[in-house]
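Encoded as structure tokens, the structure appears first; notes follow it.
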Amino acid sequence: MTLPQRKPESMPASSTPKITLSGITKTFPGVRALNKVALELYPGQVTALIGENGAGKSTLVKTMTGIYQPDEGEIRINGELVTLSSPHAAFKLGITAIHQETVLFDELSVAENIYLGHAPKTRFKTLDWGLMREKSRKLLTEIGAGHIAPETRLKDLSIANKHLVAVARALSIDADVVIMDEPTAALSYKEIQDLFELMELLKKSGKAILFISHKFDEIYRIADRYTVFRDGEMVGNGLIADTTQDTIVRMMVGRSVDQVFPKQETTLGETVLTVSGYCHPTEFADINFKLRKGEILGFYGLVGAGRSELMQALIGITKPSKGAVRIGDDIAVIRSPAAAIENGIVYVPEERGKQGVVVDMPIVQNISLPSLRRTSKNGFLRLAEEFALAREYATRLDLRAASLSQNAGTLSGGNQQKVVIAKWLATKPRVIILDEPTKGIDIGSKAAVHAFMSELASQGLAVIMVSSELPEVMGMSDRIIVMREGRIVTTIEKNDGFNAETLVRAAAGIGETAA
Amino acid sequence: MTDTAHEARHIPDRLDSPARAALFSWPTLLLIVGVALFIINSMASPYFLSPWSLSDATFNFTEKAIIALAMALLIIAGEIDLSVASIIALASTAMGVALQFGVDVPGLVTIGILTGLICGIFNGFLVTGLGLPSIVVTIGTMSFFRGISYIVLGDQAFKGYPAGFDYFGQGYVWWVVSFEFALFLLFALLYYVLLHHTNFGRQVFTIGNNPVAARFSGVRVERIKFILFCLTGLMSGIAAVLLTSRLASTRPSIAVGWELEVVTMVVLGGVSILGGSGTIQGVVIAAFIMGLVTFGLGLLNVPGIVMSIFIGALLICVIALPILWARMRRRAAR
């Protein structure tokens with residue numbers, strides 16, 4: 001649904017930026033998250049920050065709120081050079097952020113949340129509860145949230161109302177710069193419309209707003225300006241009114257990517273996995289697809305499109321409400337990860353530290369965990385077998401470790417990922433599902449993981465790859481399924497040619513009828 | 001040091017030899033403390049070094065230590081059972097009631113052990129079946145189980161256990177080695193093998209370290225936790241048989257406060273109260289240490305109330321020490 005474009009008539013004629021970031025560089029071990037980026041926010045205007053996952057948007061937000069210190073570059077507020085040495089410093093300078101998951105306190109009242117840290121005091125330096133409640137009520141009424149009582153516990157409010165409280169807090173500390181990091185991700189259509197009205201209100205009161213969203217209809221509805229990031233660099237900016245969605249999509253996607261991620265040509269074998277009529281009460285619906293031997297099937301979509309949930313249902317973590325899964329020709333009933341392993345389906349999860357590795361246990365025990373039945377005898381451990389198994393797969397994946405008894409948590413992200421992949425390959429699966437396999441790992445390990453996936457496919461394994469990174473999904477896949485809001489919107493064969501713009505459009509739901 | 005860019009990179013199994021790792025482990029430190037305590041005790045009291053008084057010393061801790069073995073596994077898996085002492089009370093009461101109906105010795109033992117097992121199943125169902133936190137559940141069942149004992153017994157006591165029943169808590173297998181102590185050593189060996197040499201034990205450690213990753217890796221987390229609660233209940237039932245036999249009576253206040261001593265023993269043994277690590281060796285040595293200390297203080301005529309202060313102080317120390325120890329080791333590793 002494309003909303004009618006709004007004319008920028010209400011925009012206050014301000015041409016001097018409220019806050020200017022220039023030449024900001026931030027490097028993490030192995031990754032340059034931001035490379036000499038620039039950003040300007042103007043009072044009374046909404047600037048949309050656009051970019052793929054991993055483009056550097058969150059790093060920039062953390063730099064602006066004093067959580068990260070930039071390696072290079074300068075930040076000016078009203079033309080004056082400032083240092084945001086801590087979140088408190090950023091707060092003092094009038095910068096506040098409203099996150100996707102609001103960072104408020106569930107157990108405190110609405111008034112306390114609004115005034116935490118700058119509450120009105122009485123003569124005796126105790127909290128002036130009366131005044132706090134009164135001021136909160138006034139603020140809430142101002143933003144059209146008079147229905148929220150200041151005494152209410154925050155946890156009793158809906159997400160939309162929590163956002164209203166966050167906005168009231170932003171107003172109460174008199175923030176001039178408001179950062180909204182994907183505020184609409186968890187909201188319904190109606191709630192999003194209310195939030196936009198509120199943003200209009202904030203604009204009128206002269207706030208400079210940074211709006212981060214993946215959804216183009218929202219960006220076109222509310223933003224006055226845009227800035228596009230790609231791979232940690234600023235690749236374009238300007239007025240929304242002067243540009244088209246096509247231009248922005250092209251900027252986001254950028255270079256041609258087919259050379260970067262080589263997948264070896266393989267002849268696809270018989271169908272290994274058939275999913276039909278697969279549904280979940282809330283996360284996904286009506287999923288049908290087939291997976292063949294030697295194939296890499298990419299799943300592309302925005303965060304929250306239901307891809308991870310679908311995969312976790314396939315391995316028995318969550319329960320689907322209906323539908324069938326066939327392995328080869330046989331119907332497979334998978335109600336637990338243990339059953340999935342028996343059926344030869346394994347899953348390399350996105351949240352590596354939480355769901356993948358056991359950080360405080362040795363590499364060898366991490367790798368042998370799902371294969372214990374094979375390395376042991378009558379239920380008794382056989383350490384020599386475990387080490388042999390771990391060594392075999394660690395070597396295949398070119399793991400960099402000092403010893404196999406080293407705790408997995410002492411490895412770099414890329415090597416931890418290799419441990420997780422090794423663990424699953426050791427079970428000799430037929431289908432391996434990789435969820436964002438290269439998220440947060442360094443470039444070297446990334447290339448190794450890609451090369452390895454390609455090798456696996458050529459050896460006859462069937463691979464499902466969930467990825468939000470366009471170059472990765474386009475470079476590695478034989479076929480790409482695009483999901484949006486829990487449904488498959490399109491399937492594209494490699495022979496038909498992958499087109500980044502088509503994928504982004506399908507995932508974001510732009511021009512469904514036209515293009 | 002791993003940057004040598006050879007084609008086939010060899011990763012050693014381990015850098016430290018297992019012997020070296022064992023030398024610098026928590027159980028080794030405990031063993032040193034134990035030996036020191038033994039020497040201090042033998043110097044402080046002339047009666048200590050006789051075989052019979054050493055044998056008497058073991059009665060102080062074997063029943064608790066038998067429960068501590070199962071409790072160690074439960075705590076390693078990230079759960080806890082605070083109802084163990086109340087399970088003893090209920091199991092002992094059940095035996096007392098059965099006694100009134102003239103049940104024979106094998107019947108009494110079976111009833112005691114079964115009552116413990118049923119209590120464990122109940123705890124396990126509440127925690128893994130209903131998904132309730134174990135600390136709350138077992139504080140609840142702690143009152144619940146002992147409450148039943150009080151209702152049944154009031155301020156009465158069951159006495160008159162038949163001849164033959166006294167063997168479990170008072171008999172000797174060989175010379176000064178009591179039945180209780182021999183049973184404890186046997187269980188210690190079984191639990192050592194179970195925790196350190198079986199798939200089950202490995203999965204217990206994995207659950208304690210990261211239950212989510214364990215589940216994603218095909219470990220049946222709830223089932224294993226359930227089994228651990230059953231084991232703890234079962235061991236408490238066995239301890240109830242031993243204790244009832246030793247005291248030759250059942251009162252509702254039997255074994256009051258033992259849950260803390262059992263937990264202290266487990267934590268002193270180097271089991272992380274947060275779950276995920278620990279050894280049976282450590283717990284066994286810790287059981288000896290606690291036995292030595294309480295018996296030593298007893299020989300010196302230290303009053304019971306001071307001992308309870310001592311147990312409290314020990315519990316705080318043993319929770320703090322392993323954390324400080326780990327911090328030191330981490331610093332040394334850097």
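Just remember, in the structure tokens the first chain shown is A, the second B, etc., residues are 1-based per chain, and ligands are 1-based in the order shown.
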**Request:** Report as a PyMOL selection string the set of chain A residues whose atoms approach chain B to within 6 Å, with distances computed over only C-alpha atoms.
**Result:** chain A and resi 337-338+355-356+358+370+379-381+403-405
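For Lys319 of chain A, the set of protein, DNA and RNA residues having any atom at most 12 Å away, when counting only C-alpha atoms and skipping those fewer than 4 positions along the same chain, is Tyr278, Cys279, His280, Pro281, Thr282, Glu283, Phe284, Glu309, Leu310, Met311, Gln312, Ala313, Leu314, Ile315, Gly323, Ala324, Val333, Ile334, Arg335, Ser336 and Pro337 of chain A.
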Pick out the residues sitting within 9 Å of Ala157 of chain B, and hand them over as a CSV table (one decimal) with all heavy atoms, in the first residue's frame; count only C-alpha atoms, and ignore anything fewer than 3 positions along from it in its own chain.
chain,number,residue,atom,x,y,z
B,96,GLY,N,7.0,-44.5,59.6
B,96,GLY,CA,6.4,-44.6,60.9
B,96,GLY,C,4.9,-45.0,60.8
B,96,GLY,O,4.5,-45.9,61.6
B,153,LEU,N,1.8,-36.3,62.8
B,153,LEU,CA,2.5,-36.6,64.0
B,153,LEU,C,2.2,-35.7,65.2
B,153,LEU,O,2.2,-36.1,66.4
B,153,LEU,CB,4.0,-36.6,63.8
B,153,LEU,CG,4.6,-38.0,63.3
B,153,LEU,CD1,6.0,-37.7,62.8
B,153,LEU,CD2,4.6,-39.0,64.4
B,154,GLY,N,1.8,-34.4,64.9
B,154,GLY,CA,1.7,-33.4,66.0
B,154,GLY,C,3.0,-33.4,66.7
B,154,GLY,O,4.1,-33.3,66.2
B,249,SER,N,13.8,-43.5,65.6
B,249,SER,CA,12.5,-42.8,65.8
B,249,SER,C,12.2,-41.8,64.7
B,249,SER,O,13.1,-41.5,63.9
B,249,SER,CB,12.5,-42.1,67.1
B,249,SER,OG,13.4,-40.9,67.0
B,250,THR,N,10.9,-41.4,64.6
B,250,THR,CA,10.5,-40.4,63.7
B,250,THR,C,9.9,-39.2,64.4
B,250,THR,O,8.9,-39.5,65.1
B,250,THR,CB,9.5,-40.9,62.6
B,250,THR,OG1,10.1,-42.0,61.9
B,250,THR,CG2,9.0,-39.9,61.7
B,251,ARG,N,10.4,-38.0,64.3
B,251,ARG,CA,9.7,-36.8,64.7
B,251,ARG,C,9.5,-35.9,63.6
B,251,ARG,O,10.3,-36.0,62.6
B,251,ARG,CB,10.6,-36.1,65.8
B,251,ARG,CG,10.7,-36.8,67.1
B,251,ARG,CD,11.7,-36.1,68.0
B,251,ARG,NE,12.2,-37.0,69.1
B,251,ARG,CZ,11.4,-37.4,70.1
B,251,ARG,NH1,10.2,-36.8,70.3
B,251,ARG,NH2,11.9,-38.2,71.0
B,252,PRO,N,8.5,-35.1,63.6
B,252,PRO,CA,8.3,-34.2,62.4
B,252,PRO,C,9.5,-33.2,62.2
B,252,PRO,O,9.7,-32.7,61.2
B,252,PRO,CB,7.0,-33.5,62.8
B,252,PRO,CG,6.8,-33.6,64.2
B,252,PRO,CD,7.5,-34.9,64.6
Notebook entry, point to check: Which neighbours of Leu189 of chain B fall inside 12 Å, counting only C-alpha atoms, when residues of the same chain fewer than 2 positions from it are skipped, and could you give them as a list in words?
Noted result: Ile66, Leu69, Ala182, Leu183, Phe184, Leu185, Leu186, Phe187, Tyr191, Tyr192, Val193, Leu194, Leu195, His196, His197, Thr279, Ile280, Gln281, Val283 and Val284 of chain B
For the residues in that selection, give me N, CA and C atoms as a compact mmCIF listing (two decimals), in the first residue's frame.
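Result file follows (selection-v8.txt):
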# COMPACT_ATOMS: atom_id res chain seq x y z
N ILE B 66 24.98 -38.14 50.83
CA ILE B 66 24.27 -38.97 49.85
C ILE B 66 23.29 -38.11 49.05
N LEU B 69 25.16 -35.66 46.52
CA LEU B 69 25.58 -36.20 45.22
C LEU B 69 24.55 -35.89 44.15
N ALA B 182 29.76 -47.03 53.69
CA ALA B 182 30.01 -47.87 52.51
C ALA B 182 29.03 -47.51 51.39
N LEU B 183 27.77 -47.29 51.78
CA LEU B 183 26.75 -46.94 50.80
C LEU B 183 27.10 -45.60 50.13
N PHE B 184 27.56 -44.65 50.96
CA PHE B 184 27.95 -43.34 50.42
C PHE B 184 29.07 -43.50 49.40
N LEU B 185 30.10 -44.30 49.73
CA LEU B 185 31.22 -44.47 48.80
C LEU B 185 30.75 -45.10 47.50
N LEU B 186 29.82 -46.07 47.61
CA LEU B 186 29.29 -46.71 46.41
C LEU B 186 28.55 -45.71 45.54
N PHE B 187 27.69 -44.91 46.19
CA PHE B 187 26.93 -43.90 45.44
C PHE B 187 27.87 -42.86 44.83
N TYR B 191 27.76 -41.89 40.98
CA TYR B 191 27.49 -40.53 40.51
C TYR B 191 28.69 -39.95 39.77
N TYR B 192 29.89 -40.35 40.20
CA TYR B 192 31.08 -39.88 39.49
C TYR B 192 31.02 -40.37 38.04
N VAL B 193 30.73 -41.65 37.86
CA VAL B 193 30.66 -42.21 36.51
C VAL B 193 29.52 -41.55 35.73
N LEU B 194 28.38 -41.40 36.38
CA LEU B 194 27.21 -40.82 35.71
C LEU B 194 27.50 -39.40 35.22
N LEU B 195 28.09 -38.59 36.08
CA LEU B 195 28.30 -37.18 35.72
C LEU B 195 29.47 -37.00 34.75
N HIS B 196 30.54 -37.74 34.97
CA HIS B 196 31.76 -37.44 34.22
C HIS B 196 32.03 -38.38 33.06
N HIS B 197 31.32 -39.49 33.01
CA HIS B 197 31.66 -40.45 31.96
C HIS B 197 30.48 -40.92 31.13
N THR B 279 32.37 -30.85 40.09
CA THR B 279 32.82 -32.24 40.01
C THR B 279 32.28 -33.01 41.21
N ILE B 280 32.12 -34.33 41.03
CA ILE B 280 31.72 -35.19 42.14
C ILE B 280 32.88 -35.34 43.13
N GLN B 281 34.12 -35.41 42.61
CA GLN B 281 35.27 -35.48 43.50
C GLN B 281 35.23 -34.34 44.51
N VAL B 283 32.71 -32.57 45.55
CA VAL B 283 31.61 -32.69 46.51
C VAL B 283 31.96 -33.72 47.59
N VAL B 284 32.59 -34.82 47.17
CA VAL B 284 32.97 -35.85 48.14
C VAL B 284 33.97 -35.29 49.15
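The strand (DSSP E) portion of segment 39-211 of chain B consists of Phe158, Lys159, Tyr172, Val173, Trp174, Val177 and Ser178 of chain B, with states taken from DSSP on the backbone.
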Go ahead and dump the residues you just picked, N, CA and C atoms, as an mmCIF file, in the first residue's frame.
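Wrote it out as result-v2.cif, contents follow:
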data_model
loop_
_atom_site.group_PDB
_atom_site.id
_atom_site.type_symbol
_atom_site.label_atom_id
_atom_site.label_comp_id
_atom_site.auth_asym_id
_atom_site.auth_seq_id
_atom_site.Cartn_x
_atom_site.Cartn_y
_atom_site.Cartn_z
ATOM 1 N N PHE B 158 7.095 -41.498 66.326
ATOM 2 C CA PHE B 158 6.986 -42.934 66.092
ATOM 3 C C PHE B 158 8.233 -43.608 66.622
ATOM 4 N N LYS B 159 8.021 -44.601 67.455
ATOM 5 C CA LYS B 159 9.176 -45.348 67.961
ATOM 6 C C LYS B 159 8.897 -46.836 67.803
ATOM 7 N N TYR B 172 27.559 -52.133 60.829
ATOM 8 C CA TYR B 172 28.882 -52.012 60.221
ATOM 9 C C TYR B 172 29.072 -53.099 59.192
ATOM 10 N N VAL B 173 29.653 -52.734 58.066
ATOM 11 C CA VAL B 173 29.891 -53.684 56.993
ATOM 12 C C VAL B 173 31.134 -54.498 57.314
ATOM 13 N N TRP B 174 32.153 -53.787 57.744
ATOM 14 C CA TRP B 174 33.426 -54.440 58.023
ATOM 15 C C TRP B 174 34.188 -53.587 59.024
ATOM 16 N N VAL B 177 33.960 -49.730 59.291
ATOM 17 C CA VAL B 177 33.266 -49.149 58.140
ATOM 18 C C VAL B 177 31.764 -49.389 58.280
ATOM 19 N N SER B 178 31.028 -48.296 58.497
ATOM 20 C CA SER B 178 29.587 -48.428 58.700
ATOM 21 C C SER B 178 28.881 -48.704 57.384
#
A straight line from atom CA of Ile254 of chain B to atom CA of Asn301 of chain B spans 22.9 Å
Excluding same-chain residues fewer than 6 positions from Ile323 of chain B, what lies within 10 Å of it counting only C-alpha atoms, as a PDB file with C-alpha atoms, in the first residue's frame?
ATOM      1  CA  GLY B 270      33.198 -26.412  43.682  1.00  0.00           C
ATOM      2  CA  SER B 272      28.900 -23.295  40.576  1.00  0.00           C
ATOM      3  CA  ILE B 273      25.700 -22.076  42.205  1.00  0.00           C
ATOM      4  CA  ARG B 329      42.306 -17.888  37.088  1.00  0.00           C
TER       5      ARG B 329
END
Problem set entry | Shell around segment 75-92 of chain A at 6 Å using only C-alpha atoms, local window under 3 positions removed, as a PyMOL selection string | chain A and resi 18-21+65-67+95
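Residues in contact with segment 102-117 of chain B at up to 6 Å, not including ones fewer than 6 positions away on its chain and judged by only C-alpha atoms, are Ile87, Ala91, Met95, Phe165, Cys230, Gly233, Leu234, Ser236, Gly237, Ile238 and Val241 of chain B.
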May I have the residues from that selection written out with N, CA and C atoms, as a PDB file, in the first residue's frame?
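To be explicit, this is the file written out as again.pdb:
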ATOM      1  N   ILE B  87      11.565 -33.761  52.547  1.00  0.00           N
ATOM      2  CA  ILE B  87      11.298 -35.080  51.961  1.00  0.00           C
ATOM      3  C   ILE B  87      11.697 -36.153  52.981  1.00  0.00           C
ATOM      4  N   ALA B  91       9.175 -38.877  54.291  1.00  0.00           N
ATOM      5  CA  ALA B  91       9.492 -40.292  54.070  1.00  0.00           C
ATOM      6  C   ALA B  91       9.581 -41.026  55.406  1.00  0.00           C
ATOM      7  N   MET B  95       7.190 -44.069  56.831  1.00  0.00           N
ATOM      8  CA  MET B  95       7.681 -45.325  57.399  1.00  0.00           C
ATOM      9  C   MET B  95       7.064 -45.556  58.780  1.00  0.00           C
ATOM     10  N   PHE B 165      15.936 -53.357  61.579  1.00  0.00           N
ATOM     11  CA  PHE B 165      15.852 -52.060  60.893  1.00  0.00           C
ATOM     12  C   PHE B 165      17.023 -51.169  61.310  1.00  0.00           C
ATOM     13  N   CYS B 230      13.852 -36.403  40.201  1.00  0.00           N
ATOM     14  CA  CYS B 230      13.505 -37.739  40.706  1.00  0.00           C
ATOM     15  C   CYS B 230      14.683 -38.329  41.474  1.00  0.00           C
ATOM     16  N   GLY B 233      15.007 -36.726  44.859  1.00  0.00           N
ATOM     17  CA  GLY B 233      13.976 -37.237  45.752  1.00  0.00           C
ATOM     18  C   GLY B 233      14.311 -38.644  46.228  1.00  0.00           C
ATOM     19  N   LEU B 234      14.767 -39.465  45.282  1.00  0.00           N
ATOM     20  CA  LEU B 234      15.130 -40.842  45.602  1.00  0.00           C
ATOM     21  C   LEU B 234      16.239 -40.885  46.652  1.00  0.00           C
ATOM     22  N   SER B 236      16.992 -38.584  48.772  1.00  0.00           N
ATOM     23  CA  SER B 236      16.459 -38.094  50.043  1.00  0.00           C
ATOM     24  C   SER B 236      15.697 -39.220  50.749  1.00  0.00           C
ATOM     25  N   GLY B 237      14.986 -40.032  49.975  1.00  0.00           N
ATOM     26  CA  GLY B 237      14.272 -41.175  50.543  1.00  0.00           C
ATOM     27  C   GLY B 237      15.246 -42.159  51.178  1.00  0.00           C
ATOM     28  N   ILE B 238      16.342 -42.418  50.476  1.00  0.00           N
ATOM     29  CA  ILE B 238      17.361 -43.328  51.024  1.00  0.00           C
ATOM     30  C   ILE B 238      17.939 -42.739  52.310  1.00  0.00           C
ATOM     31  N   VAL B 241      15.688 -43.318  55.204  1.00  0.00           N
ATOM     32  CA  VAL B 241      15.794 -44.663  55.776  1.00  0.00           C
ATOM     33  C   VAL B 241      16.978 -44.735  56.732  1.00  0.00           C
TER      34      VAL B 241
END
